[in-house]
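Engineer: My questions will all concern the structure given below.
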Amino acid sequence: MDPFSYSHSCEPAIVPMTLLPSLVSLARSDNPEEAFQGVFLIRKLMSVDLNQSVEVVDSGAANSLIECMTTCTDEDVQLEASWALANMAEADHLLSLTIHAVPLWIGHLSSSNAKLREKAVSALSNVSNAAGF
């Protein structure tokens, strides 16, 4: 299966979990197009069923997403990584993993990119709700 055969309009449910190791590798790529596709499809996987999040976390995806938010200069990759982590923050059992992204989301609040700011607000809200605040 080729990760690049899935478009932005594909339904999340059609992305197979068997692609996960390849997606994590792509997310770690220095090539922004590869990193975007990996992060984008990880986000799609997370949006299908948060119960499969254990597999996603065990794959190292959360760390890769945080790394993308930290080191990637491509704002589209940062947005997708932020979105995927925001989805993870909705799951109580993943709160401890996403808490490491909080300073990054706070940094995005002052971004010149409106979409990054919006996703940061959403993500911080998810963390706050999952933490019971």
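Letters A, B, ... mark the chains of the structure tokens in the order given; residue numbers begin at 1 per chain; ligand numbers begin at 1, in order shown.
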Might you pull out every residue within 8 Å of segment 12-17 of chain A, with only C-alpha atoms counted and same-chain residues fewer than 5 positions away left off, and present them as a list in words?
Structural biologist: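 Counting only C-alpha atoms, the residues come to Tyr6, Leu41, Lys44, Leu45, Ser47 and Val48 of chain A.
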Engineer: Have a look at A:Leu104, A:Glu33, A:Asn129, A:Ala123 and name the one nearest to Ile66 of chain A; count only C-alpha atoms.
Structural biologist: A:Leu104
Engineer: Determine which residues of chain A receive a DSSP assignment of helix (DSSP H, G or I), computed from the backbone, and state them as JSON, numbers by chain.
Structural biologist: {"A": [3, 4, 5, 12, 13, 14, 17, 18, 19, 20, 21, 22, 23, 24, 25, 26, 27, 32, 33, 34, 35, 36, 37, 38, 39, 40, 41, 42, 43, 44, 45, 46, 47, 48, 50, 51, 52, 53, 54, 55, 56, 57, 58, 61, 62, 63, 64, 65, 66, 67, 68, 69, 70, 71, 75, 76, 77, 78, 79, 80, 81, 82, 83, 84, 85, 86, 87, 88, 89, 92, 93, 94, 95, 96, 97, 98, 99, 100, 101, 102, 103, 104, 105, 106, 107, 108, 114, 115, 116, 117, 118, 119, 120, 121, 122, 123, 124, 125, 126, 127, 128, 129, 130]}
Engineer: Determine, for each residue of segment 16-92 of chain A having at least one atom at most 8 Å from an atom of segment 107-119 of chain A, the closest pair of atoms and their separation in Å to one decimal, counting only C-alpha atoms; order by chain and ascending number, as a Markdown table.
Structural biologist:
```
| residue | atom | partner | partner_atom | distance |
| --- | --- | --- | --- | --- |
| A:Glu75 | CA | A:Leu116 | CA | 7.7 |
| A:Gln78 | CA | A:Leu116 | CA | 7.7 |
| A:Leu79 | CA | A:Leu116 | CA | 5.6 |
| A:Ser82 | CA | A:Lys119 | CA | 6.7 |
| A:Trp83 | CA | A:Lys119 | CA | 6.4 |
| A:Ala86 | CA | A:Lys119 | CA | 7.7 |
```
Engineer: How far is it from atom CA of Glu80 of chain A to atom CA of Ala131 of chain A, in Å with one decimal?
Structural biologist: 22.7 Å
Engineer: When you look at Ser22 of chain A with a cut-off of 12 Å (counting only C-alpha atoms), what residues show up, excluding the ones that are within fewer than 2 positions of it in the same chain? I need them as a PDB file with C-alpha atoms, in the first residue's frame.
Structural biologist:
```pdb
ATOM      1  CA  MET A   1       0.000   0.000   0.000  1.00  0.00           C
ATOM      2  CA  ASP A   2       1.292   3.389  -0.971  1.00  0.00           C
ATOM      3  CA  PRO A   3       0.675   6.182   1.570  1.00  0.00           C
ATOM      4  CA  PHE A   4       0.608   8.661  -1.302  1.00  0.00           C
ATOM      5  CA  PRO A  16      -5.397   0.908   7.042  1.00  0.00           C
ATOM      6  CA  MET A  17      -3.570   0.613  10.369  1.00  0.00           C
ATOM      7  CA  THR A  18      -1.014  -1.551   8.587  1.00  0.00           C
ATOM      8  CA  LEU A  19       0.378   1.667   7.100  1.00  0.00           C
ATOM      9  CA  LEU A  20       1.230   3.065  10.529  1.00  0.00           C
ATOM     10  CA  VAL A  24       5.649   7.324  11.306  1.00  0.00           C
ATOM     11  CA  SER A  25       8.735   7.042   9.077  1.00  0.00           C
ATOM     12  CA  LEU A  26       7.278   9.574   6.656  1.00  0.00           C
ATOM     13  CA  ALA A  27       6.427  11.959   9.496  1.00  0.00           C
ATOM     14  CA  ARG A  28      10.109  11.938  10.481  1.00  0.00           C
ATOM     15  CA  SER A  29      11.239  12.791   6.958  1.00  0.00           C
ATOM     16  CA  GLU A  34       6.628  13.241   2.850  1.00  0.00           C
ATOM     17  CA  ALA A  35       6.320  14.561   6.398  1.00  0.00           C
ATOM     18  CA  GLN A  37       1.558  12.885   4.115  1.00  0.00           C
ATOM     19  CA  GLY A  38       2.730  10.858   7.115  1.00  0.00           C
ATOM     20  CA  VAL A  39       1.336  13.311   9.665  1.00  0.00           C
ATOM     21  CA  LEU A  41      -2.628  10.108   7.560  1.00  0.00           C
ATOM     22  CA  ILE A  42      -1.727   9.622  11.237  1.00  0.00           C
ATOM     23  CA  VAL A  56      -0.737   4.725  17.286  1.00  0.00           C
ATOM     24  CA  SER A  59       4.252   3.155  17.099  1.00  0.00           C
ATOM     25  CA  GLY A  60       6.002   6.312  18.314  1.00  0.00           C
ATOM     26  CA  ALA A  61       3.594   8.559  16.424  1.00  0.00           C
TER      27      ALA A  61
END
```
Engineer: Which one of A:Asn63, A:Asn31, A:Ser122, A:Ser5 sits closest to Asn87 of chain A if you count only C-alpha atoms?
Structural biologist: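 Result for the nearest residue to Asn87 of chain A: A:Ser122.
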Engineer: Work out how far apart atom CA of Met88 of chain A and atom CA of Val54 of chain A are and give it in Å to one decimal.
Structural biologist: 10.2 Å
Engineer: Looking at A:Ala130, A:Ala81, A:Ala101, A:Ala62, which one is nearest to Phe36 of chain A, with distances taken over only C-alpha atoms?
Structural biologist: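 Of the candidates, the smallest distance to Phe36 of chain A is held by A:Ala81.
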Engineer: Hey, can you check how far atom CA of Glu55 of chain A sits from atom CA of Ala120 of chain A?
Structural biologist: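 We find that atom CA of Glu55 of chain A and atom CA of Ala120 of chain A lie 24.6 Å from each other.
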